[in-house]
file target_39.tsv (TSV, C-alpha atoms)
chain	number	residue	atom	x	y	z
A	107	MET	CA	139.66	110.69	129.74
A	108	LEU	CA	140.59	111.90	126.25
A	109	THR	CA	139.85	108.57	124.57
A	110	THR	CA	136.93	107.13	126.51
A	111	GLU	CA	134.60	107.81	129.40
A	112	PHE	CA	136.43	106.88	132.59
A	113	ARG	CA	134.23	106.91	135.65
A	114	GLY	CA	135.65	106.21	139.07
A	115	TYR	CA	139.17	107.40	138.40
A	116	GLN	CA	139.19	109.21	141.77
A	117	THR	CA	137.57	106.36	143.70
A	118	ARG	CA	137.36	102.75	142.52
A	119	TYR	CA	140.15	103.07	139.98
A	120	ALA	CA	142.30	105.58	141.80
A	121	THR	CA	145.24	103.15	141.78
A	122	SER	CA	144.33	100.83	138.91
A	123	LEU	CA	142.90	100.74	135.41
A	124	PRO	CA	139.41	99.43	134.59
A	125	PRO	CA	139.09	95.99	132.95
A	126	LEU	CA	139.73	95.95	129.22
A	127	SER	CA	136.16	94.78	128.57
A	128	THR	CA	134.80	98.06	129.94
A	129	MET	CA	137.11	100.32	127.93
A	130	PRO	CA	136.56	100.10	124.13
A	131	ALA	CA	139.82	101.89	123.31
A	132	PHE	CA	141.78	99.46	125.47
A	133	GLU	CA	139.95	96.38	124.26
A	134	GLN	CA	140.38	97.27	120.57
A	135	HIS	CA	143.99	98.44	120.84
A	136	GLU	CA	145.98	96.35	123.30
A	137	SER	CA	149.21	98.27	122.67
A	138	PHE	CA	147.47	101.47	123.75
A	139	TYR	CA	146.39	99.75	126.96
A	140	ARG	CA	149.96	98.59	127.58
A	141	LEU	CA	151.22	102.15	127.09
A	142	VAL	CA	148.72	103.65	129.54
A	143	ALA	CA	149.32	100.87	132.08
A	144	LYS	CA	153.08	101.48	132.02
A	145	ALA	CA	152.68	105.26	132.22
A	146	CYS	CA	150.36	104.88	135.23
A	147	ALA	CA	152.29	102.17	137.10
A	148	LEU	CA	152.19	102.57	140.88
A	149	ASP	CA	155.97	102.19	141.23
A	150	PRO	CA	157.73	105.12	139.51
A	151	ALA	CA	160.53	102.73	138.53
A	152	ASP	CA	158.03	100.79	136.40
A	153	ARG	CA	157.03	103.87	134.40
A	154	PHE	CA	158.70	105.45	131.41
A	155	GLN	CA	161.88	107.02	132.71
A	156	THR	CA	162.19	109.90	130.25
A	157	ILE	CA	159.79	111.93	128.14
A	158	GLU	CA	161.76	110.83	125.07
A	159	GLU	CA	161.16	107.18	125.92
A	160	LEU	CA	157.44	107.88	126.28
A	161	ARG	CA	157.38	109.87	123.03
A	162	ILE	CA	158.98	107.07	121.01
A	163	GLN	CA	156.64	104.41	122.37
A	164	LEU	CA	153.58	106.65	122.05
A	165	TYR	CA	154.38	107.27	118.39
A	166	GLY	CA	154.81	103.54	117.81
A	167	VAL	CA	151.46	102.79	119.45
A	168	LEU	CA	149.79	105.53	117.39
A	169	ARG	CA	151.08	103.93	114.18
A	170	GLN	CA	149.67	100.55	115.22
A	171	VAL	CA	146.28	102.03	116.13
A	172	VAL	CA	146.02	103.95	112.86
A	173	ALA	CA	147.10	100.88	110.86
A	174	ASP	CA	144.57	98.60	112.56
A	175	ARG	CA	141.76	101.12	112.07
A	176	ARG	CA	142.67	101.58	108.43
A	177	GLY	CA	142.88	97.84	107.81
A	178	GLY	CA	143.54	96.81	104.23
A	179	GLY	CA	146.87	95.75	102.83
A	180	ALA	CA	150.50	96.12	103.75
A	181	ALA	CA	152.15	99.27	105.03
A	182	SER	CA	154.04	101.35	102.50
A	183	GLN	CA	156.44	103.01	104.91
A	184	THR	CA	159.35	101.82	107.05
A	185	ILE	CA	160.19	103.65	110.27
A	186	PRO	CA	163.51	102.37	111.65
A	187	SER	CA	163.42	101.34	115.29
A	188	SER	CA	166.03	102.57	117.74
A	189	LEU	CA	165.80	99.28	119.64
A	190	PHE	CA	165.61	96.54	116.99
A	191	GLU	CA	167.05	95.77	113.60
A	192	ALA	CA	164.54	95.07	110.84
A	193	PRO	CA	163.66	91.38	110.43
A	194	VAL	CA	165.51	89.64	107.60
A	195	VAL	CA	163.39	86.88	106.07
A	196	THR	CA	164.39	85.02	102.91
A	197	GLY	CA	161.94	82.11	102.99
A	198	ASP	CA	158.38	81.26	103.87
A	199	SER	CA	159.14	79.96	107.37
A	200	LEU	CA	160.08	82.05	110.40
A	201	GLY	CA	162.55	80.60	112.88
A	202	TRP	CA	163.54	82.00	116.24
A	203	TRP	CA	166.91	82.95	114.77
A	204	GLU	CA	165.16	85.20	112.23
A	205	LEU	CA	163.36	87.38	114.76
A	206	PRO	CA	164.59	91.01	114.83
A	207	ALA	CA	168.00	91.44	116.41
A	208	LEU	CA	168.56	93.90	119.24
A	209	ARG	CA	170.37	97.07	118.29
A	210	VAL	CA	173.51	97.63	120.32
A	211	ASP	CA	173.61	100.33	122.96
A	212	GLU	CA	176.00	102.90	121.52
A	213	HIS	CA	176.71	104.17	125.05
A	214	ASP	CA	177.84	100.83	126.45
A	215	PRO	CA	181.40	101.22	127.80
A	216	MET	CA	182.51	97.88	126.31
A	217	LEU	CA	181.19	98.43	122.79
A	218	GLY	CA	184.60	99.09	121.23
A	219	TRP	CA	186.08	96.06	122.96
A	220	LEU	CA	183.21	93.88	121.70
A	221	GLN	CA	183.64	95.01	118.12
A	222	ALA	CA	187.20	93.69	118.20
A	223	LEU	CA	185.86	90.19	118.92
A	224	ARG	CA	183.67	89.93	115.83
A	225	GLU	CA	186.19	88.01	113.74
A	226	LEU	CA	186.99	85.43	116.43
A	227	GLU	CA	185.63	81.89	116.12
A	228	PRO	CA	182.81	81.17	118.63
A	229	GLN	CA	184.77	79.09	121.16
A	230	ARG	CA	187.54	81.66	121.50
A	231	ARG	CA	185.06	84.54	121.55
A	232	ASP	CA	183.20	82.80	124.37
A	233	LYS	CA	186.38	82.62	126.46
A	234	GLU	CA	187.18	86.27	125.81
A	235	LEU	CA	183.67	87.32	126.81
A	236	ALA	CA	183.93	85.41	130.09
A	237	SER	CA	187.13	87.30	130.98
A	238	ALA	CA	186.04	90.73	129.72
A	239	PRO	CA	187.46	93.72	131.64
A	240	GLU	CA	183.89	94.67	132.53
A	241	GLN	CA	180.72	92.60	132.42
A	242	SER	CA	178.63	95.39	130.94
A	243	ALA	CA	175.10	94.91	129.63
A	244	GLU	CA	176.27	94.41	126.04
A	245	VAL	CA	178.90	91.89	127.15
A	246	LEU	CA	176.28	89.90	129.05
A	247	LEU	CA	173.90	90.05	126.08
A	248	GLU	CA	176.64	88.81	123.75
A	249	ARG	CA	177.45	86.00	126.16
A	250	ALA	CA	173.78	85.03	126.22
A	251	ARG	CA	173.54	85.11	122.42
A	252	THR	CA	176.70	83.04	122.01
A	253	ALA	CA	175.34	80.45	124.44
A	254	LEU	CA	171.96	80.48	122.67
A	255	TYR	CA	173.43	79.65	119.27
A	256	ALA	CA	175.62	76.98	120.84
A	257	GLY	CA	172.58	75.37	122.47
A	258	ARG	CA	173.87	75.99	126.02
A	259	HIS	CA	170.56	77.01	127.53
A	260	ALA	CA	171.78	77.03	131.13
A	261	ASP	CA	174.45	79.59	130.21
A	262	VAL	CA	171.77	81.75	128.58
A	263	SER	CA	169.95	81.87	131.92
A	264	THR	CA	173.18	82.63	133.78
A	265	SER	CA	173.98	85.63	131.57
A	266	THR	CA	170.44	87.03	131.56
A	267	ASP	CA	170.21	86.59	135.34
A	268	ALA	CA	173.39	88.63	135.69
A	269	LEU	CA	171.93	91.32	133.44
A	270	LEU	CA	168.72	91.48	135.46
A	271	THR	CA	170.77	91.68	138.64
A	272	GLN	CA	172.46	94.79	137.25
A	273	ASP	CA	169.14	96.26	136.09
A	274	PRO	CA	165.86	94.47	136.99
A	275	TRP	CA	164.05	96.58	134.35
A	276	ASP	CA	166.27	95.62	131.42
A	277	TRP	CA	163.70	94.00	129.12
A	278	ARG	CA	166.45	92.90	126.72
A	279	ALA	CA	167.20	89.99	129.05
A	280	LEU	CA	163.59	88.84	128.71
A	281	TRP	CA	163.77	89.18	124.94
A	282	VAL	CA	166.73	86.78	124.84
A	283	LEU	CA	164.98	84.44	127.28
A	284	GLY	CA	161.94	84.43	125.02
A	285	ILE	CA	164.03	83.46	122.02
A	286	ASP	CA	165.80	80.82	124.07
A	287	ALA	CA	162.40	79.40	125.07
A	288	LEU	CA	161.40	79.17	121.40
A	289	ALA	CA	164.67	77.38	120.66
A	290	ARG	CA	163.63	74.83	123.31
A	291	ASP	CA	160.06	74.60	121.95
A	292	ASP	CA	158.73	76.03	125.22
A	293	THR	CA	155.98	78.27	123.84
A	294	ALA	CA	154.48	78.95	127.28
A	295	ARG	CA	157.70	80.51	128.58
A	296	ALA	CA	158.26	82.31	125.29
A	297	GLN	CA	154.79	83.82	125.44
A	298	ALA	CA	155.34	85.00	129.01
A	299	ALA	CA	158.69	86.58	128.13
A	300	PHE	CA	157.54	88.31	124.94
A	301	THR	CA	154.35	89.55	126.62
A	302	THR	CA	156.44	91.22	129.31
A	303	VAL	CA	158.66	92.80	126.65
A	304	HIS	CA	155.54	94.04	124.84
A	305	GLU	CA	154.33	95.59	128.10
A	306	GLN	CA	157.62	97.46	128.49
A	307	ILE	CA	157.89	98.71	124.89
A	308	PRO	CA	154.32	98.66	123.52
A	309	GLY	CA	155.18	100.80	120.50
A	310	GLU	CA	157.65	98.27	119.09
A	311	LEU	CA	156.63	95.69	116.50
A	312	ALA	CA	159.37	93.14	117.26
A	313	PRO	CA	157.58	91.77	120.36
A	314	ARG	CA	154.33	91.51	118.39
A	315	LEU	CA	156.04	89.56	115.61
A	316	ALA	CA	157.60	87.30	118.22
A	317	LEU	CA	154.22	86.81	119.90
A	318	GLY	CA	152.64	86.07	116.52
A	319	LEU	CA	155.18	83.31	115.91
A	320	THR	CA	154.77	81.98	119.45
A	321	TYR	CA	150.98	81.88	119.20
A	322	GLU	CA	151.25	80.19	115.81
A	323	LEU	CA	153.50	77.47	117.19
A	324	ALA	CA	151.20	77.05	120.18
A	325	GLY	CA	148.15	76.62	117.96
A	326	ALA	CA	146.49	79.91	118.97
A	327	ALA	CA	145.75	80.90	115.36
A	328	ASP	CA	143.42	83.84	116.06
A	329	LYS	CA	145.91	85.57	118.34
A	330	ALA	CA	148.74	84.88	115.92
A	331	GLU	CA	146.80	86.35	113.01
A	332	ALA	CA	145.98	89.51	114.97
A	333	ASP	CA	149.67	90.15	115.72
A	334	TYR	CA	150.77	89.36	112.17
A	335	LEU	CA	148.12	91.72	110.76
A	336	THR	CA	149.26	94.58	112.99
A	337	CYS	CA	152.88	94.06	111.94
A	338	LEU	CA	151.95	93.85	108.27
A	339	ARG	CA	149.79	96.98	108.30
A	340	THR	CA	152.12	99.13	110.40
A	341	ASP	CA	155.60	98.89	108.91
A	342	SER	CA	156.75	97.66	105.52
A	343	ALA	CA	159.93	96.22	107.06
A	344	TYR	CA	157.70	93.60	108.70
A	345	THR	CA	155.52	92.87	105.67
A	346	THR	CA	157.36	89.80	104.39
A	347	ALA	CA	157.59	88.00	107.74
A	348	ALA	CA	153.98	88.82	108.62
A	349	ALA	CA	152.60	87.96	105.16
A	350	PHE	CA	154.20	84.51	105.22
A	351	GLY	CA	152.86	84.02	108.74
A	352	LEU	CA	149.34	84.85	107.61
A	353	ALA	CA	149.72	82.57	104.59
A	354	ARG	CA	150.78	79.66	106.82
A	355	LEU	CA	147.85	80.20	109.19
A	356	ARG	CA	145.27	80.53	106.44
A	357	SER	CA	146.59	77.64	104.42
A	358	SER	CA	146.52	75.37	107.49
A	359	ARG	CA	142.81	76.04	107.97
A	360	GLY	CA	142.03	75.46	104.30
A	361	ASP	CA	141.69	79.11	103.30
A	362	GLY	CA	143.71	78.95	100.09
A	363	ARG	CA	142.39	82.23	98.72
A	364	GLY	CA	143.22	84.01	101.96
A	365	ALA	CA	146.74	82.58	101.87
A	366	ILE	CA	147.18	83.77	98.27
A	367	THR	CA	145.99	87.24	99.27
A	368	ALA	CA	148.64	87.33	101.99
A	369	LEU	CA	151.40	86.16	99.64
A	370	ASP	CA	150.46	88.86	97.14
A	371	LEU	CA	151.54	91.42	99.76
A	372	VAL	CA	155.21	90.36	99.60
A	373	ALA	CA	156.90	93.15	97.66
A	374	PRO	CA	158.98	92.43	94.52
A	375	ALA	CA	161.96	94.03	96.25
A	376	SER	CA	161.88	91.42	99.01
A	377	ALA	CA	164.52	88.68	98.94
A	378	ALA	CA	161.67	86.21	99.50
A	379	PHE	CA	159.52	87.46	96.60
A	380	GLY	CA	160.42	84.46	94.40
A	381	ARG	CA	159.44	82.06	97.17
A	382	ALA	CA	156.15	83.92	97.64
A	383	ARG	CA	155.33	83.62	93.95
A	384	TRP	CA	156.17	79.94	93.96
A	385	LEU	CA	153.91	79.25	96.94
A	386	ARG	CA	151.18	81.34	95.34
A	387	ALA	CA	151.34	79.21	92.21
A	388	GLU	CA	151.29	76.01	94.25
A	389	LEU	CA	148.23	77.16	96.20
A	390	SER	CA	146.42	78.25	93.05
A	391	VAL	CA	146.81	74.79	91.56
A	392	HIS	CA	146.14	72.91	94.79
A	393	GLN	CA	142.80	74.60	95.41
A	394	GLY	CA	141.62	73.97	91.85
A	395	GLY	CA	141.25	77.54	90.72
A	396	GLY	CA	140.07	76.61	87.22
A	397	LEU	CA	141.55	77.50	83.85
A	398	PRO	CA	142.49	81.11	84.77
A	399	ALA	CA	144.54	79.82	87.71
A	400	TYR	CA	146.20	77.13	85.59
A	401	ASP	CA	146.93	79.71	82.90
A	402	GLN	CA	148.67	82.00	85.40
A	403	ALA	CA	150.50	79.07	87.01
A	404	LEU	CA	151.96	77.92	83.68
A	405	ARG	CA	153.01	81.46	82.81
A	406	ASP	CA	154.67	81.91	86.19
A	407	GLY	CA	156.17	78.42	86.46
A	408	ASP	CA	159.17	78.89	84.18
A	409	ARG	CA	160.04	82.21	85.81
A	410	LEU	CA	159.81	81.12	89.43
A	411	ASP	CA	162.86	80.70	91.64
A	412	ALA	CA	163.02	76.93	92.04
A	413	ALA	CA	165.16	73.97	91.07
A	414	PRO	CA	164.65	72.68	87.50
A	415	ILE	CA	163.18	69.39	88.73
A	416	GLN	CA	160.75	71.28	90.97
A	417	ARG	CA	159.61	73.46	88.08
A	418	ALA	CA	159.25	70.41	85.83
A	419	SER	CA	157.19	68.55	88.43
A	420	PHE	CA	155.01	71.61	88.93
A	421	ARG	CA	154.37	71.90	85.19
A	422	VAL	CA	153.29	68.25	85.03
A	423	ARG	CA	150.79	68.73	87.86
A	424	VAL	CA	149.33	71.89	86.32
A	425	LEU	CA	148.91	70.25	82.92
A	426	GLU	CA	147.32	67.16	84.48
A	427	GLN	CA	144.69	69.26	86.22
A	428	ALA	CA	144.19	71.51	83.20
A	429	LEU	CA	143.58	68.50	80.94
A	430	ALA	CA	141.04	67.07	83.39
A	431	GLU	CA	139.26	70.44	83.52
A	432	VAL	CA	139.19	70.84	79.73
A	433	ALA	CA	137.97	67.27	79.22
A	434	ALA	CA	135.14	67.73	81.73
A	435	ASN	CA	134.16	71.27	80.75
A	436	PRO	CA	135.36	72.21	77.24
A	437	PRO	CA	136.09	75.96	77.19
A	438	PRO	CA	135.15	78.33	74.34
A	439	ARG	CA	137.20	78.04	71.15
A	440	GLY	CA	140.33	80.17	71.29
A	441	THR	CA	140.89	79.75	75.04
A	442	THR	CA	144.55	79.34	75.96
A	443	ILE	CA	146.38	78.06	79.03
A	444	GLY	CA	149.91	79.30	79.45
A	445	GLY	CA	150.09	80.04	75.74
A	446	LEU	CA	148.74	76.60	74.80
A	447	ALA	CA	145.43	76.06	73.04
A	448	ALA	CA	142.99	74.76	75.68
A	449	THR	CA	142.16	71.55	73.75
A	450	PRO	CA	142.69	67.95	74.88
A	451	ARG	CA	145.03	67.19	71.99
A	452	ARG	CA	147.28	70.23	72.53
A	453	LEU	CA	147.44	69.65	76.27
A	454	ARG	CA	148.29	65.97	75.75
A	455	VAL	CA	151.20	66.95	73.52
A	456	ALA	CA	152.39	69.39	76.17
A	457	MET	CA	152.00	66.75	78.89
A	458	GLU	CA	154.04	64.25	76.91
A	459	ASP	CA	156.86	66.77	76.66
A	460	ALA	CA	156.51	67.63	80.35
A	461	TYR	CA	156.70	63.99	81.46
A	462	ARG	CA	159.78	63.39	79.31
A	463	GLY	CA	161.38	66.57	80.61
A	464	LEU	CA	160.77	65.51	84.21
A	465	ALA	CA	162.07	61.99	83.45
A	466	ALA	CA	165.33	63.48	82.14
A	467	LEU	CA	165.84	65.24	85.47
A	468	THR	CA	164.93	62.24	87.63
A	469	THR	CA	167.83	60.18	88.99
A	470	GLU	CA	165.84	57.17	90.29
A	471	PRO	CA	165.56	54.59	87.46
A	472	GLY	CA	162.14	53.31	88.53
A	473	GLU	CA	160.63	56.78	88.66
A	474	ARG	CA	162.20	57.67	85.31
A	475	ALA	CA	160.71	54.59	83.67
A	476	ALA	CA	157.27	55.34	85.13
A	477	LEU	CA	157.39	58.89	83.77
A	478	VAL	CA	158.36	57.66	80.30
A	479	ASP	CA	155.43	55.22	80.43
A	480	LYS	CA	153.10	58.10	81.33
A	481	ALA	CA	154.48	60.12	78.42
A	482	ASN	CA	153.70	57.27	76.05
A	483	GLU	CA	150.20	56.82	77.48
A	484	VAL	CA	149.24	60.46	77.23
A	485	ARG	CA	150.62	60.94	73.69
A	486	PRO	CA	147.80	61.62	71.21
A	487	TRP	CA	147.13	58.90	68.66
A	488	SER	CA	148.29	59.58	65.11
A	489	LEU	CA	148.51	57.67	61.80
A	490	THR	CA	152.27	58.24	61.49

call {"tool": "encode", "arguments": {"input": "target_39.tsv", "output": "structure tokens"}}
result
Amino acid sequence: MLTTEFRGYQTRYATSLPPLSTMPAFEQHESFYRLVAKACALDPADRFQTIEELRIQLYGVLRQVVADRRGGGAASQTIPSSLFEAPVVTGDSLGWWELPALRVDEHDPMLGWLQALRELEPQRRDKELASAPEQSAEVLLERARTALYAGRHADVSTSTDALLTQDPWDWRALWVLGIDALARDDTARAQAAFTTVHEQIPGELAPRLALGLTYELAGAADKAEADYLTCLRTDSAYTTAAAFGLARLRSSRGDGRGAITALDLVAPASAAFGRARWLRAELSVHQGGGLPAYDQALRDGDRLDAAPIQRASFRVRVLEQALAEVAANPPPRGTTIGGLAATPRRLRVAMEDAYRGLAALTTEPGERAALVDKANEVRPWSLT
């Protein structure tokens, strides 16, 4: 009633919510709908169990709504979750093993016992977990995780089933099952699991990041982009993972500029910043951004975090395209590209050096000879 006109709440919708299509606030902000649906569940056991639980999720939903309405770039603030660790992403891909880890329940009776197992090798730890003095929730979760990383998918199901037997409302079991489904490339089951987790904790971003990845793998690009955008705009801890996700989606549909815009949102403090800059440079060259793009690419190339042979190969490609551009459309006198005069002769000299530099790093004799031949071909003619 406070967010939208709600007719029939005492009659037609006395025990249900109207369809999303008839409620603008619900249709525009799915997390808000999930929050209201859980708060109004017919079975009291399906509702929020404490006012503190409701408060935390309501605040999380509010942040998502405000972020989506504001739009624009990445969030500037990180609000630590009490349920999930922040995602740790160091590259441009996102694997199931990189999704946010569950925070441990500090009140679990076996927490101290579990901490003593951290230094054990996996096989021995697995045996200890099976014979634990008490099969508490954290013990069962650790058994499920150990089985997951060992590829024992049946044991993951056994442990999560035991957890759900103890508490049918423990969404953490579904979170692990969702990750296990991704590990088995079963995006349908992963989507079902992560959707249920999102319904239970609508204010958390971890399920939305997981759904974004699942939709991406399933080819549902629009849904994936919506979840990645919400993550990116809401919490800076999710910016890197979401920005790379957006870049992958946009690049795959040929939107190079959109992918570059997403990569520009990866903060310099991120461990994956170097990778983001490298991909940005690659995209700039690939889409033929003209002399300004080639200029920036050459300036960035030597500073980017990549293997020497990768940087050398990149420099060759940039110079090849820059020379073609200059030959076809001579720029005004004084134009430079990466500190080089934008003239055919100067670029040919630079290309000769680049080919020879790449040849020196190449281990395959045939490729090395071909690069030396190219260096000789591109060398400007002279009388000496």

call {"tool": "closest_atom_pairs", "arguments": {"input": "target_39.tsv", "of": "stretch 302-339 of chain A", "to": "stretch 141-148 of chain A", "cutoff": "10 Å", "atoms": "all atoms listed in the file", "output": "CSV"}}
result
residue,atom,partner,partner_atom,distance
A:His304,CA,A:Leu141,CA,9.5
A:Glu305,CA,A:Lys144,CA,7.2
A:Gln306,CA,A:Lys144,CA,7.0
A:Ile307,CA,A:Leu141,CA,7.8
A:Pro308,CA,A:Leu141,CA,5.9
A:Gly309,CA,A:Leu141,CA,7.8

call {"tool": "residues_around", "arguments": {"input": "target_39.tsv", "residues": "A:Gly201", "least_positions_apart": "6", "cutoff": "9 Å", "atoms": "only C-alpha atoms", "output": "CSV table (one decimal) with C-alpha atoms, in the frame of the given file"}}
result
chain,number,residue,atom,x,y,z
A,288,LEU,CA,161.4,79.2,121.4
A,289,ALA,CA,164.7,77.4,120.7
A,319,LEU,CA,155.2,83.3,115.9

call {"tool": "atom_distance", "arguments": {"input": "target_39.tsv", "atom1": "atom CA of A:Lys480", "atom2": "atom CA of A:Glu458"}}
result
7.6 Å

call {"tool": "residues_around", "arguments": {"input": "target_39.tsv", "residues": "A:Glu248", "least_positions_apart": "5", "cutoff": "10 Å", "atoms": "all atoms listed in the file", "output": "MDAnalysis selection string"}}
result
chainID A and resid 210 220 231:232 235 242:243 253:254 262 265

call {"tool": "write_last_selection", "arguments": {"input": "target_39.tsv", "atoms": "C-alpha atoms", "output": "short mmCIF file (atom, residue, chain, number, x, y, z; two decimals), keeping the file's coordinate frame"}}
result
data_model
loop_
_atom_site.label_atom_id
_atom_site.label_comp_id
_atom_site.auth_asym_id
_atom_site.auth_seq_id
_atom_site.Cartn_x
_atom_site.Cartn_y
_atom_site.Cartn_z
CA VAL A 210 173.51 97.63 120.32
CA LEU A 220 183.21 93.88 121.70
CA ARG A 231 185.06 84.54 121.55
CA ASP A 232 183.20 82.80 124.37
CA LEU A 235 183.67 87.32 126.81
CA SER A 242 178.63 95.39 130.94
CA ALA A 243 175.10 94.91 129.63
CA ALA A 253 175.34 80.45 124.44
CA LEU A 254 171.96 80.48 122.67
CA VAL A 262 171.77 81.75 128.58
CA SER A 265 173.98 85.63 131.57
#

call {"tool": "closest_atom_pairs", "arguments": {"input": "target_39.tsv", "of": "stretch 315-379 of chain A", "to": "stretch 391-407 of chain A", "cutoff": "9 Å", "atoms": "all atoms listed in the file", "output": "CSV"}}
result
residue,atom,partner,partner_atom,distance
A:Gly360,CA,A:Gln393,CA,9.0
A:Gly362,CA,A:Gln393,CA,6.5
A:Arg363,CA,A:Gln393,CA,8.3

call {"tool": "atom_distance", "arguments": {"input": "target_39.tsv", "atom1": "atom CA of A:Gln183", "atom2": "atom CA of A:Gln170"}}
result
12.6 Å

call {"tool": "residues_near_point", "arguments": {"input": "target_39.tsv", "point": "(166.0, 99.0, 137.4)", "cutoff": "12 Å", "atoms": "all atoms listed in the file", "output": "ChimeraX atom specification"}}
result
/A:149-155,269-277
